[in-house]
Every structure is written in C-alpha cells, then in structure tokens.
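Data block for structure22.csv (CSV, C-alpha atoms):
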```csv
chain,number,residue,atom,x,y,z
Q,30,MET,CA,-33.2,144.7,-249.9
Q,31,THR,CA,-29.4,145.0,-250.3
Q,32,PRO,CA,-28.2,143.4,-253.5
Q,33,GLY,CA,-26.2,140.2,-253.1
Q,34,SER,CA,-23.0,139.5,-254.9
Q,35,LEU,CA,-22.7,136.4,-257.0
Q,36,SER,CA,-19.7,135.2,-259.0
Q,37,ALA,CA,-18.6,132.3,-261.1
Q,38,ASP,CA,-15.7,131.4,-263.4
Q,39,TYR,CA,-17.2,129.3,-266.2
Q,40,LYS,CA,-14.9,127.4,-268.7
Q,41,ALA,CA,-16.7,127.2,-272.0
Q,42,PRO,CA,-16.5,124.0,-274.0
Q,43,GLY,CA,-15.0,126.2,-276.8
Q,44,GLY,CA,-12.0,126.8,-274.6
Q,45,LYS,CA,-12.4,130.2,-273.2
Q,46,LEU,CA,-13.2,131.5,-269.7
Q,47,LEU,CA,-16.2,133.6,-268.7
Q,48,ARG,CA,-15.9,135.3,-265.3
Q,49,VAL,CA,-19.2,136.7,-264.1
Q,50,ARG,CA,-19.7,139.0,-261.2
Q,51,LEU,CA,-23.3,139.9,-260.5
Q,52,ARG,CA,-25.3,141.8,-258.0
Q,53,GLU,CA,-28.8,140.5,-257.6
Q,54,ALA,CA,-31.9,141.8,-255.8
Q,55,ASP,CA,-35.2,140.0,-255.4
Q,56,GLY,CA,-34.2,137.3,-257.9
Q,57,ARG,CA,-33.2,139.8,-260.6
Q,58,ILE,CA,-29.8,141.0,-261.9
Q,59,ALA,CA,-29.1,144.5,-260.4
Q,60,SER,CA,-25.8,144.7,-262.3
Q,61,ALA,CA,-23.5,142.4,-264.3
Q,62,LYS,CA,-19.8,142.5,-265.1
Q,63,ILE,CA,-18.6,139.9,-267.5
Q,64,SER,CA,-14.9,139.4,-268.1
Q,65,GLY,CA,-12.6,136.7,-269.5
Q,66,ASP,CA,-10.2,135.6,-272.2
Q,67,PHE,CA,-12.8,135.1,-274.9
Q,68,PHE,CA,-13.1,136.9,-278.2
Q,69,LEU,CA,-16.2,138.9,-279.1
Q,70,ILE,CA,-16.5,141.2,-282.1
Q,71,PRO,CA,-17.4,144.0,-282.2
Q,72,GLU,CA,-15.5,144.4,-278.9
Q,73,ASP,CA,-17.5,147.4,-277.8
Q,74,SER,CA,-20.7,145.3,-277.7
Q,75,LEU,CA,-20.0,143.7,-274.4
Q,76,PRO,CA,-21.1,146.7,-272.2
Q,77,LYS,CA,-24.3,146.6,-274.1
Q,78,LEU,CA,-24.9,143.0,-273.0
Q,79,GLU,CA,-24.1,143.9,-269.4
Q,80,MET,CA,-26.6,146.8,-269.6
Q,81,MET,CA,-29.3,144.6,-271.1
Q,82,LEU,CA,-28.9,142.1,-268.3
Q,83,GLU,CA,-29.9,144.6,-265.7
Q,84,ASP,CA,-33.3,143.9,-264.2
Q,85,VAL,CA,-33.6,140.5,-265.9
Q,86,PRO,CA,-34.8,137.6,-263.7
Q,87,LEU,CA,-32.1,135.1,-262.8
Q,88,ARG,CA,-33.9,132.3,-264.7
Q,89,GLU,CA,-32.7,130.3,-267.6
Q,90,LYS,CA,-35.6,131.0,-269.9
Q,91,GLU,CA,-35.4,134.8,-269.5
Q,92,LEU,CA,-31.6,134.8,-269.7
Q,93,LYS,CA,-31.6,132.8,-272.9
Q,94,LEU,CA,-34.1,135.1,-274.6
Q,95,LEU,CA,-32.1,138.2,-273.5
Q,96,VAL,CA,-28.7,136.8,-274.7
Q,97,ASP,CA,-30.2,135.6,-278.0
Q,98,ARG,CA,-31.7,139.1,-278.5
Q,99,PHE,CA,-28.3,140.7,-277.8
Q,100,PHE,CA,-26.5,138.5,-280.4
Q,101,ARG,CA,-29.2,138.9,-283.0
Q,102,GLY,CA,-29.5,142.6,-282.5
Q,103,THR,CA,-25.9,143.5,-282.5
Q,104,GLY,CA,-24.6,140.8,-284.9
Q,105,ALA,CA,-21.9,140.1,-282.4
Q,106,GLN,CA,-19.7,137.1,-283.0
Q,107,GLY,CA,-18.0,135.1,-280.3
Q,108,LEU,CA,-15.0,132.9,-280.5
Q,109,GLY,CA,-14.2,130.4,-277.8
Q,110,VAL,CA,-17.6,131.1,-276.4
Q,111,VAL,CA,-21.1,130.7,-277.8
Q,112,PRO,CA,-24.2,132.6,-276.7
Q,113,ASP,CA,-25.4,129.9,-274.4
Q,114,ASP,CA,-22.2,130.0,-272.5
Q,115,PHE,CA,-23.1,133.5,-271.2
Q,116,VAL,CA,-26.4,132.0,-269.9
Q,117,LYS,CA,-24.6,129.1,-268.3
Q,118,ALA,CA,-22.0,131.3,-266.7
Q,119,ILE,CA,-24.7,133.5,-265.1
Q,120,LEU,CA,-26.6,130.5,-263.9
Q,121,ALA,CA,-23.4,129.1,-262.5
Q,122,ALA,CA,-23.0,132.2,-260.4
Q,123,LYS,CA,-26.6,131.7,-259.1
Q,124,SER,CA,-26.1,128.0,-258.3
Q,125,LEU,CA,-22.8,128.7,-256.5
Q,126,GLU,CA,-24.6,131.2,-254.3
Q,127,ALA,CA,-27.4,128.7,-253.7
Q,128,GLY,CA,-24.8,126.1,-252.7
Q,129,SER,CA,-22.7,128.4,-250.5
B,12,MET,CA,4.0,140.2,-306.3
B,13,GLU,CA,2.3,142.3,-303.6
B,14,THR,CA,4.3,144.4,-301.3
B,15,TRP,CA,3.5,145.0,-297.7
B,16,ARG,CA,5.1,147.6,-295.4
B,17,LEU,CA,7.4,146.3,-292.7
B,18,VAL,CA,7.9,148.5,-289.6
B,19,ASP,CA,10.1,147.8,-286.6
B,20,VAL,CA,8.7,150.7,-284.6
B,21,GLU,CA,8.9,150.1,-280.9
B,22,TYR,CA,9.2,151.8,-277.5
B,23,ARG,CA,10.7,149.0,-275.3
B,24,ASP,CA,10.3,150.8,-272.1
B,25,ASP,CA,7.0,152.4,-272.8
B,26,PRO,CA,4.3,149.7,-273.2
B,27,TYR,CA,1.6,152.4,-273.3
B,28,ARG,CA,3.2,154.0,-276.4
B,29,ASN,CA,3.7,150.6,-278.0
B,30,MET,CA,0.0,149.8,-277.6
B,31,SER,CA,-0.9,153.2,-279.0
B,32,VAL,CA,1.1,152.4,-282.2
B,33,GLU,CA,-0.5,149.0,-282.3
B,34,GLU,CA,-3.9,150.5,-282.6
B,35,ALA,CA,-2.9,153.5,-284.8
B,36,ILE,CA,-1.6,151.2,-287.6
B,37,PRO,CA,-4.8,149.2,-288.3
B,38,ARG,CA,-6.9,152.4,-288.1
B,39,ALA,CA,-4.7,153.9,-290.8
B,40,VAL,CA,-4.7,150.8,-292.9
B,41,GLY,CA,-8.5,150.6,-292.8
B,42,GLU,CA,-8.7,154.3,-293.8
B,43,GLY,CA,-6.4,153.7,-296.8
B,44,GLU,CA,-3.9,156.0,-295.1
B,45,ALA,CA,-1.3,153.3,-294.9
B,46,PRO,CA,-0.5,150.1,-296.8
B,47,ASN,CA,-1.0,146.6,-295.5
B,48,THR,CA,1.6,146.3,-292.7
B,49,VAL,CA,3.6,143.9,-290.6
B,50,ARG,CA,5.1,145.3,-287.4
B,51,PHE,CA,7.6,143.7,-285.0
B,52,TRP,CA,8.2,145.1,-281.6
B,53,HIS,CA,9.2,144.4,-278.0
B,54,ASN,CA,8.1,145.4,-274.5
B,55,SER,CA,10.1,145.3,-271.4
B,56,ASN,CA,8.4,143.6,-268.4
B,57,THR,CA,4.7,144.0,-269.1
B,58,ILE,CA,1.5,142.2,-268.7
B,59,VAL,CA,-0.8,142.8,-271.6
B,60,LEU,CA,-4.4,142.1,-270.7
B,61,GLY,CA,-7.1,141.2,-273.2
B,62,CYS,CA,-9.7,143.9,-273.6
B,63,PHE,CA,-12.4,141.9,-271.8
B,64,GLN,CA,-10.3,140.8,-268.8
B,65,SER,CA,-10.6,142.1,-265.3
B,66,ALA,CA,-7.2,143.5,-264.1
B,67,PRO,CA,-7.9,142.7,-260.4
B,68,LEU,CA,-8.8,139.1,-261.2
B,69,GLU,CA,-6.0,138.4,-263.7
B,70,VAL,CA,-3.0,140.3,-262.3
B,71,ASN,CA,-0.9,139.7,-259.2
B,72,PHE,CA,-0.1,143.3,-258.5
B,73,ASP,CA,2.3,142.5,-255.6
B,74,ALA,CA,4.4,140.4,-257.9
B,75,CYS,CA,4.2,143.1,-260.6
B,76,LYS,CA,5.6,145.6,-258.0
B,77,GLU,CA,8.4,143.3,-257.0
B,78,THR,CA,9.4,142.6,-260.6
B,79,GLY,CA,8.9,146.0,-262.1
B,80,THR,CA,6.1,144.8,-264.4
B,81,THR,CA,3.8,147.2,-266.0
B,82,VAL,CA,0.1,146.4,-266.9
B,83,VAL,CA,-1.4,147.6,-270.1
B,84,ARG,CA,-4.7,146.5,-271.8
B,85,ARG,CA,-4.8,145.9,-275.5
B,86,PHE,CA,-7.8,146.5,-277.8
B,87,THR,CA,-8.3,142.9,-278.8
B,88,GLY,CA,-9.8,140.0,-276.8
B,89,GLY,CA,-8.1,136.9,-275.6
B,90,GLY,CA,-6.0,136.2,-272.5
B,91,ALA,CA,-3.3,138.0,-270.6
B,92,VAL,CA,0.2,137.6,-271.8
B,93,TYR,CA,3.6,138.4,-270.3
B,94,HIS,CA,6.1,140.4,-272.3
B,95,ASP,CA,9.7,140.9,-271.7
B,96,ALA,CA,12.8,141.5,-273.9
B,97,GLY,CA,12.8,137.8,-274.7
B,98,ASN,CA,9.4,138.0,-276.2
B,99,LEU,CA,8.8,139.1,-279.8
B,100,ASN,CA,5.6,140.7,-280.9
B,101,TYR,CA,4.3,140.8,-284.4
B,102,ALA,CA,1.2,142.4,-285.9
B,103,ILE,CA,-0.4,142.1,-289.3
B,104,SER,CA,-2.9,144.7,-290.6
B,105,LEU,CA,-4.6,144.0,-293.8
B,106,LYS,CA,-7.2,146.2,-295.4
B,107,ARG,CA,-10.6,144.5,-295.0
B,108,GLY,CA,-11.5,142.7,-298.2
B,109,HIS,CA,-8.0,141.5,-298.8
B,110,PRO,CA,-8.3,138.1,-300.7
B,111,LEU,CA,-5.9,136.4,-298.3
B,112,VAL,CA,-8.3,136.4,-295.4
B,113,PRO,CA,-12.0,136.2,-294.8
B,114,ASP,CA,-13.3,139.4,-293.1
B,115,THR,CA,-16.2,137.8,-291.2
B,116,ASP,CA,-14.6,134.8,-289.4
B,117,LEU,CA,-12.1,135.5,-286.7
B,118,GLN,CA,-11.1,131.9,-286.3
B,119,LEU,CA,-10.1,131.7,-290.0
B,120,VAL,CA,-8.2,135.0,-289.6
B,121,PHE,CA,-6.2,133.5,-286.7
B,122,ARG,CA,-5.5,130.3,-288.6
B,123,ARG,CA,-4.5,132.1,-291.9
B,124,LEU,CA,-2.5,134.9,-290.3
B,125,SER,CA,-0.6,132.5,-288.0
B,126,GLU,CA,0.8,130.6,-291.0
B,127,GLY,CA,3.6,133.1,-291.5
B,128,ALA,CA,4.8,132.8,-287.9
B,129,VAL,CA,4.4,129.0,-288.0
B,130,GLU,CA,6.4,128.8,-291.3
B,131,GLY,CA,9.0,131.1,-289.8
B,132,LEU,CA,9.4,129.1,-286.7
B,133,ARG,CA,9.7,125.9,-288.7
B,134,GLY,CA,12.4,127.5,-290.8
B,135,LEU,CA,14.4,128.0,-287.6
B,136,GLY,CA,13.9,124.3,-286.7
B,137,VAL,CA,11.0,124.6,-284.3
B,138,ASN,CA,8.3,122.0,-284.8
B,139,ALA,CA,5.5,124.5,-284.6
B,140,ASP,CA,1.8,124.1,-285.4
B,141,PHE,CA,-1.2,126.3,-285.2
B,142,GLN,CA,-3.5,125.1,-282.5
B,143,PRO,CA,-7.1,126.5,-282.4
B,144,ILE,CA,-8.3,128.8,-281.1
B,145,ASN,CA,-5.4,131.1,-281.1
B,146,ASP,CA,-2.1,129.4,-280.2
B,147,ILE,CA,1.0,128.2,-281.8
B,148,GLN,CA,2.2,125.1,-280.0
B,149,VAL,CA,5.2,122.8,-280.0
B,150,ASP,CA,4.4,119.3,-278.8
B,151,GLY,CA,1.4,120.5,-276.9
B,152,LYS,CA,3.2,123.5,-275.3
B,153,LYS,CA,2.3,127.0,-276.2
B,154,VAL,CA,5.1,129.0,-277.8
B,155,SER,CA,2.9,131.8,-279.1
B,156,GLY,CA,-0.5,133.2,-278.5
B,157,ALA,CA,-2.5,135.4,-280.9
B,158,ALA,CA,-5.4,137.8,-280.8
B,159,GLY,CA,-7.1,139.9,-283.4
B,160,SER,CA,-10.1,141.8,-284.6
B,161,ILE,CA,-12.0,142.9,-287.6
B,162,ARG,CA,-12.7,146.5,-287.2
B,163,TRP,CA,-11.9,150.0,-288.5
B,164,GLY,CA,-12.0,148.5,-292.0
B,165,THR,CA,-9.0,146.2,-291.2
B,166,VAL,CA,-8.4,142.6,-290.5
B,167,PHE,CA,-6.0,142.7,-287.7
B,168,HIS,CA,-3.9,139.9,-286.1
B,169,HIS,CA,-1.2,140.1,-283.6
B,170,GLY,CA,0.8,137.6,-281.6
B,171,CYS,CA,3.6,137.2,-279.2
B,172,ILE,CA,6.3,134.6,-279.5
B,173,LEU,CA,8.2,133.3,-276.4
B,174,VAL,CA,11.7,133.4,-277.7
B,175,ALA,CA,13.8,133.5,-274.5
B,176,SER,CA,11.3,134.9,-272.0
B,177,ASP,CA,11.7,134.6,-268.2
B,178,LEU,CA,9.0,132.0,-267.6
B,179,ALA,CA,9.5,132.2,-263.8
B,180,ILE,CA,8.3,135.8,-263.8
B,181,LEU,CA,5.5,134.9,-266.1
B,182,GLY,CA,4.3,132.4,-263.6
B,183,ARG,CA,4.3,134.9,-260.8
B,184,VAL,CA,2.7,138.0,-262.3
B,185,LEU,CA,-0.4,136.3,-263.8
B,186,ASN,CA,-3.1,134.8,-261.7
B,187,VAL,CA,-4.2,131.8,-263.8
B,188,PRO,CA,-7.7,130.6,-262.6
B,189,GLN,CA,-7.8,127.1,-261.3
B,190,VAL,CA,-10.6,126.3,-263.7
B,191,LYS,CA,-8.2,126.9,-266.6
B,192,LEU,CA,-5.3,124.9,-265.1
B,193,ALA,CA,-7.4,122.0,-264.1
B,194,ASP,CA,-8.8,121.7,-267.6
B,195,ARG,CA,-5.3,121.3,-269.1
B,196,HIS,CA,-4.2,118.8,-266.4
B,197,VAL,CA,-1.1,120.7,-265.7
B,198,ALA,CA,0.0,122.5,-262.6
B,199,SER,CA,1.3,125.9,-263.7
B,200,VAL,CA,1.8,128.3,-266.5
B,201,GLN,CA,5.4,127.4,-266.8
B,202,LYS,CA,4.6,123.8,-267.5
B,203,ARG,CA,2.3,124.5,-270.4
B,204,VAL,CA,4.4,127.0,-272.2
B,205,THR,CA,7.8,126.8,-273.9
B,206,THR,CA,10.3,129.1,-275.6
B,207,VAL,CA,12.0,129.0,-279.0
B,208,ARG,CA,15.3,128.9,-277.1
B,209,ASP,CA,14.3,125.8,-275.1
B,210,GLU,CA,13.0,124.0,-278.2
B,211,LEU,CA,16.1,124.6,-280.1
B,212,GLY,CA,18.4,123.9,-277.2
B,213,LYS,CA,20.6,126.9,-278.0
B,214,ASP,CA,20.6,130.6,-277.7
B,215,VAL,CA,18.5,132.4,-280.2
B,216,THR,CA,17.8,136.1,-280.4
B,217,THR,CA,14.4,137.8,-281.1
B,218,LYS,CA,16.2,139.3,-284.2
B,219,ASP,CA,16.8,135.8,-285.5
B,220,VAL,CA,13.1,134.9,-285.0
B,221,ARG,CA,12.0,138.2,-286.4
B,222,ASP,CA,14.0,137.5,-289.6
B,223,GLY,CA,12.7,134.0,-289.8
B,224,ILE,CA,9.1,135.2,-289.5
B,225,VAL,CA,9.7,137.8,-292.2
B,226,ARG,CA,10.7,135.0,-294.5
B,227,GLY,CA,7.8,132.9,-293.3
B,228,ILE,CA,5.3,135.6,-294.1
B,229,GLU,CA,6.8,136.2,-297.5
B,230,LEU,CA,6.7,132.5,-298.3
B,231,SER,CA,3.3,131.8,-296.9
B,232,TYR,CA,1.5,134.7,-298.5
B,233,ASN,CA,3.6,135.2,-301.6
B,234,VAL,CA,4.3,138.9,-300.7
B,235,ARG,CA,7.4,141.0,-300.3
B,236,LEU,CA,8.0,142.9,-297.1
B,237,GLU,CA,9.6,146.3,-297.6
B,238,GLU,CA,10.9,148.3,-294.7
B,239,GLY,CA,9.1,151.5,-294.1
B,240,SER,CA,8.1,154.0,-291.4
B,241,LEU,CA,4.9,155.3,-289.8
B,242,THR,CA,3.1,158.1,-291.5
B,243,LYS,CA,2.5,161.4,-289.9
B,244,ARG,CA,-1.1,160.5,-289.5
B,245,GLU,CA,-0.2,157.3,-287.7
B,246,LEU,CA,2.1,159.1,-285.4
B,247,SER,CA,-0.5,161.7,-284.5
B,248,THR,CA,-3.2,159.0,-284.0
B,249,ALA,CA,-0.8,157.1,-281.8
B,250,LYS,CA,-0.1,160.2,-279.7
B,251,GLU,CA,-3.8,160.9,-279.3
B,252,LEU,CA,-4.4,157.3,-278.3
B,253,TYR,CA,-1.6,157.5,-275.8
B,254,ASP,CA,-2.9,160.7,-274.3
B,255,THR,CA,-6.5,159.6,-274.1
B,256,LYS,CA,-6.5,155.9,-273.6
B,257,TYR,CA,-3.3,153.8,-273.2
B,258,SER,CA,-1.6,156.0,-270.6
B,259,LYS,CA,-4.8,156.0,-268.5
B,260,SER,CA,-5.5,153.6,-265.6
B,261,ALA,CA,-9.2,154.0,-266.5
B,262,TRP,CA,-8.4,152.0,-269.6
B,263,ASN,CA,-5.7,149.7,-268.3
B,264,LEU,CA,-6.9,148.7,-264.9
B,265,GLU,CA,-10.5,149.6,-264.3
B,266,LYS,CA,-12.5,146.7,-265.7
```
Could you write out this structure as structure tokens?
Amino acid sequence: MTPGSLSADYKAPGGKLLRVRLREADGRIASAKISGDFFLIPEDSLPKLEMMLEDVPLREKELKLLVDRFFRGTGAQGLGVVPDDFVKAILAAKSLEAGS
Amino acid sequence: METWRLVDVEYRDDPYRNMSVEEAIPRAVGEGEAPNTVRFWHNSNTIVLGCFQSAPLEVNFDACKETGTTVVRRFTGGGAVYHDAGNLNYAISLKRGHPLVPDTDLQLVFRRLSEGAVEGLRGLGVNADFQPINDIQVDGKKVSGAAGSIRWGTVFHHGCILVASDLAILGRVLNVPQVKLADRHVASVQKRVTTVRDELGKDVTTKDVRDGIVRGIELSYNVRLEEGSLTKRELSTAKELYDTKYSKSAWNLEK
C-alpha cells in the first residue's frame, strides 16, 4: 500500500504552532516531520522524536505513550508547547484526512 | 561591579557569516574561552528561520527573489523574523550557572534577559513591556521577538528590535499561517507589529537604540559593558561554522 500524506497546522494553547507532515500506511506512521515556531531544548532532540514516531499506530493511546517516553527519556523541555500538543497535532492530521 | 564584553561584530551583507558568529560566541563563553558577552549586529534583507521551521512552509521564495531577501536558519527555536538595516539584533551569552538567570527554565531566561532591552526602549520613550512567551510589545503590538537556548555551557538569548524596518517587505516575504493570524484577530503581519520609529513618531537610528539598550542592560543587571573584540578561537569557530553549516542550503532550507 502506498503511504498516504497527512498534514495539520495545530496552534497549541501555549501559543506556538506545530506543523505536522506525516506519511501513513495501514494505520501506522511511515514517516513524520514536525516543524513550527515552538521552542524545544535540547534542540537536537526533535529528529529523535520524529524517528521514534515511525511505525507507531495513529491512535491516541499509543501516541501519548510514545511522546511521554520521548520527553522522559531525553529530558527535553518545550516552551509554547507541551507534550500533549504533539499528540494532538498528529491526531489533527489524521482527522483532517478523515474529513477530506 | 561585573564587566561583560560588548562586541559590535557584524557582516551586514553576509547573513550566513553573521549567524556563524552568533553561534561561535556562546560556544566560546560556555568553554570559558570568552567572557560573558553582549553583541549587537545588523543584517541586510534576510529572513531568519527558527531551527524547527520548515523553509518551504514559512518562506515566500518568489517575494524573496523580487526583494533580494536571503534566507538563513538560526540555531534557536521560535518563529521566522525579517531583518533589514532598520532592524537591530542583540545577543546575550552568559556562562551557565550565572546567578542572574536560571539555567533550566527557558521562559525565565527570556523574561530576565529581555529586561535590558525593555529598560533601554523605555529610556528612549517607548512604552515597552515583556510579553510571554518571547516578545516585547508596545500596546499589544510586537516591537521585538526573542529566542534562546541553554546549551554548550551557556545561557543564550537573542532578540531583534524593529527600529525602522520596512514592514511592507516583512509582510510579503513571510507566509504567516492562517491559524496564527486568526488567533490574534488581526489580518496581517503589518497590523500586529510596530517599530520604534513609529512609536516615537520621529526618526531614530539603530545606533540610538543600541546605545539605549547598552544603558538598559547596565542598569537592569548592574554590570558594566566594555567594548571588546572576538578571540582568535571565536573567529576560527565562526569560519568553521560558516563553511560547514550556515553557508549550506542543507542547513538553511532543507527542513
């Protein structure tokens, strides 16, 4: 099955924007690119999150677990975004596709 | 009274070299190779992207071509900003552990290290206030944005102040997502930003603002700024960063 492209721009309540571009196959994330005007330190941790998202089911429960594991494991600190915003941004991409 | 180094090192027509110096300084400060430092500098027409931003999503490349605007990516997060000769950039690098700022909370870093700029602008007659997360505003309009990081053993904060920038070009070269504009209930970039010149209602130079912020920093942090120059180590680091990172489209455009 050819991976489908999903995207969403999600404005976090903290004020910053998460722009998610995904490719999904069979209900799982094939690849993920996250961009935006948020702050995250250490800055080089973001590619790790993108990599960890690969092959994760596009479901809230699994995404929450994965994102929490990323923040706990790396000690990364967001500003303008909180961990749950990453989950919501990814789910927004999924729901936009469902609605299209 | 503590003394910090003040450097006015800039390459107005080479934003890649400017950004190389911007990274070389905090690296040197963190290594103990350079003292705590404040830098002022300018870029000619340039978009500076935050390190997490996507160039194709954020930049109107056609408008950049028409206006001769260069695109460079910085090493800190936050949003894209437009620089021109009417825009003053400042950067503060403090060795991690400095009692002035916490070294674990970026929001507190922004608040504390914006105080010098706020004080400087107020001294010039601008009714400026820090606005979380990372802005300095005048009556709800942004006059300065900041970004920063805690890395390489340094607490780093930099900001750009719209002194007399061309807001019309700013509005053309940046693609501002509708979701951001809608949230602020305004129609365009131009309507949610202002300049020091417009606030004062008279011509003001970036040198005037630079001098005001020097005073603001000295007052706010009870330090003395002493003019200095970059070390050989900083210059060689900057050259290496230029050659391997900031002059490369792989860094600037390919995210």
Which residues, written as a PyMOL selection string, have at least one atom at most 9 Å from Pro86 in chain Q, with all atoms listed in the file counted and residues fewer than 6 positions away on the same chain left out? chain Q and resi 55-58+92
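The list of residues with at least one atom within 6 Å of Val207 in chain B, based on all atoms listed in the file and without residues fewer than 2 positions apart in the same chain, reads B:Val174, B:Asp209, B:Glu210.
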Output C-alpha atoms for every residue in the selection just made, as a PDB file, keeping the file's coordinate frame.
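Produced file part-v4.pdb, reproduced below:
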```
ATOM      1  CA  VAL B 174      11.700 133.400-277.700  1.00  0.00           C
ATOM      2  CA  ASP B 209      14.300 125.800-275.100  1.00  0.00           C
ATOM      3  CA  GLU B 210      13.000 124.000-278.200  1.00  0.00           C
TER       4      GLU B 210
END
```
Skipping near chain neighbours, those fewer than 6 positions away, what residues fall within 10 Å of Lys93 in chain Q using all atoms listed in the file, listed as a PyMOL selection string? chain Q and resi 99+112-117
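When all atoms listed in the file are used to measure the gap to Val85 in chain Q, the shortest distance among Q:Leu35, Q:Ala118, Q:Ala54, Q:Ala41 belongs to Q:Ala54.
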Give me the residues near Glu33 in chain B as an mmCIF file with C-alpha atoms, in the coordinates of the input, where near means some atom within 12 Å (using all atoms listed in the file) and where sequence neighbours in that chain fewer than 4 positions away do not count.
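Contents of out-v7.cif, freshly written:
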```
data_model
loop_
_atom_site.group_PDB
_atom_site.id
_atom_site.type_symbol
_atom_site.label_atom_id
_atom_site.label_comp_id
_atom_site.auth_asym_id
_atom_site.auth_seq_id
_atom_site.Cartn_x
_atom_site.Cartn_y
_atom_site.Cartn_z
ATOM 1 C CA VAL B 18 7.900 148.500 -289.600
ATOM 2 C CA ASP B 19 10.100 147.800 -286.600
ATOM 3 C CA VAL B 20 8.700 150.700 -284.600
ATOM 4 C CA GLU B 21 8.900 150.100 -280.900
ATOM 5 C CA TYR B 22 9.200 151.800 -277.500
ATOM 6 C CA PRO B 26 4.300 149.700 -273.200
ATOM 7 C CA TYR B 27 1.600 152.400 -273.300
ATOM 8 C CA ARG B 28 3.200 154.000 -276.400
ATOM 9 C CA ASN B 29 3.700 150.600 -278.000
ATOM 10 C CA PRO B 37 -4.800 149.200 -288.300
ATOM 11 C CA ARG B 38 -6.900 152.400 -288.100
ATOM 12 C CA ALA B 39 -4.700 153.900 -290.800
ATOM 13 C CA VAL B 40 -4.700 150.800 -292.900
ATOM 14 C CA THR B 48 1.600 146.300 -292.700
ATOM 15 C CA VAL B 49 3.600 143.900 -290.600
ATOM 16 C CA ARG B 50 5.100 145.300 -287.400
ATOM 17 C CA PHE B 51 7.600 143.700 -285.000
ATOM 18 C CA TRP B 52 8.200 145.100 -281.600
ATOM 19 C CA HIS B 53 9.200 144.400 -278.000
ATOM 20 C CA ARG B 84 -4.700 146.500 -271.800
ATOM 21 C CA ARG B 85 -4.800 145.900 -275.500
ATOM 22 C CA PHE B 86 -7.800 146.500 -277.800
ATOM 23 C CA THR B 87 -8.300 142.900 -278.800
ATOM 24 C CA ASN B 100 5.600 140.700 -280.900
ATOM 25 C CA TYR B 101 4.300 140.800 -284.400
ATOM 26 C CA ALA B 102 1.200 142.400 -285.900
ATOM 27 C CA ILE B 103 -0.400 142.100 -289.300
ATOM 28 C CA SER B 104 -2.900 144.700 -290.600
ATOM 29 C CA GLY B 159 -7.100 139.900 -283.400
ATOM 30 C CA PHE B 167 -6.000 142.700 -287.700
ATOM 31 C CA HIS B 168 -3.900 139.900 -286.100
ATOM 32 C CA HIS B 169 -1.200 140.100 -283.600
ATOM 33 C CA GLY B 170 0.800 137.600 -281.600
ATOM 34 C CA LEU B 241 4.900 155.300 -289.800
ATOM 35 C CA GLU B 245 -0.200 157.300 -287.700
ATOM 36 C CA LEU B 246 2.100 159.100 -285.400
ATOM 37 C CA THR B 248 -3.200 159.000 -284.000
ATOM 38 C CA ALA B 249 -0.800 157.100 -281.800
ATOM 39 C CA LYS B 250 -0.100 160.200 -279.700
ATOM 40 C CA LEU B 252 -4.400 157.300 -278.300
ATOM 41 C CA TYR B 253 -1.600 157.500 -275.800
ATOM 42 C CA TYR B 257 -3.300 153.800 -273.200
#
```
Between CA of Gln189 in chain B and CA of Ala158 in chain B, what distance in Å does the model show, to one decimal? 22.4 Å
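Counting from CA of Thr81 in chain B, the distance to CA of Arg48 in chain Q is 23.0 Å.
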At most 6 Å to chain Q: residues in chain B, only C-alpha atoms, as a tab-separated table (two decimals) with C-alpha atoms, in the frame of the given file:
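Result file result.tsv:
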```
chain	number	residue	atom	x	y	z
B	63	PHE	CA	-12.40	141.90	-271.80
B	64	GLN	CA	-10.30	140.80	-268.80
B	65	SER	CA	-10.60	142.10	-265.30
B	88	GLY	CA	-9.80	140.00	-276.80
B	89	GLY	CA	-8.10	136.90	-275.60
B	90	GLY	CA	-6.00	136.20	-272.50
```
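For the pair CA of Asp150 in chain B and CA of Leu230 in chain B, the separation is 23.7 Å.
By all atoms listed in the file, and with residues fewer than 4 positions from range 106-123 of chain B along its chain excluded, the set lying at most 7 Å from it is Val40, Gly41, Asn47, Phe141, Ile144, Asn145, Ser160, Ile161, Gly164, Thr165, Val166 and His168 of chain B.
The shortest atom-to-atom distance to Gln148 in chain B, with all atoms listed in the file taken into account, belongs to B:Arg203 out of B:Arg16, B:Arg203, B:Lys218, B:Lys266.
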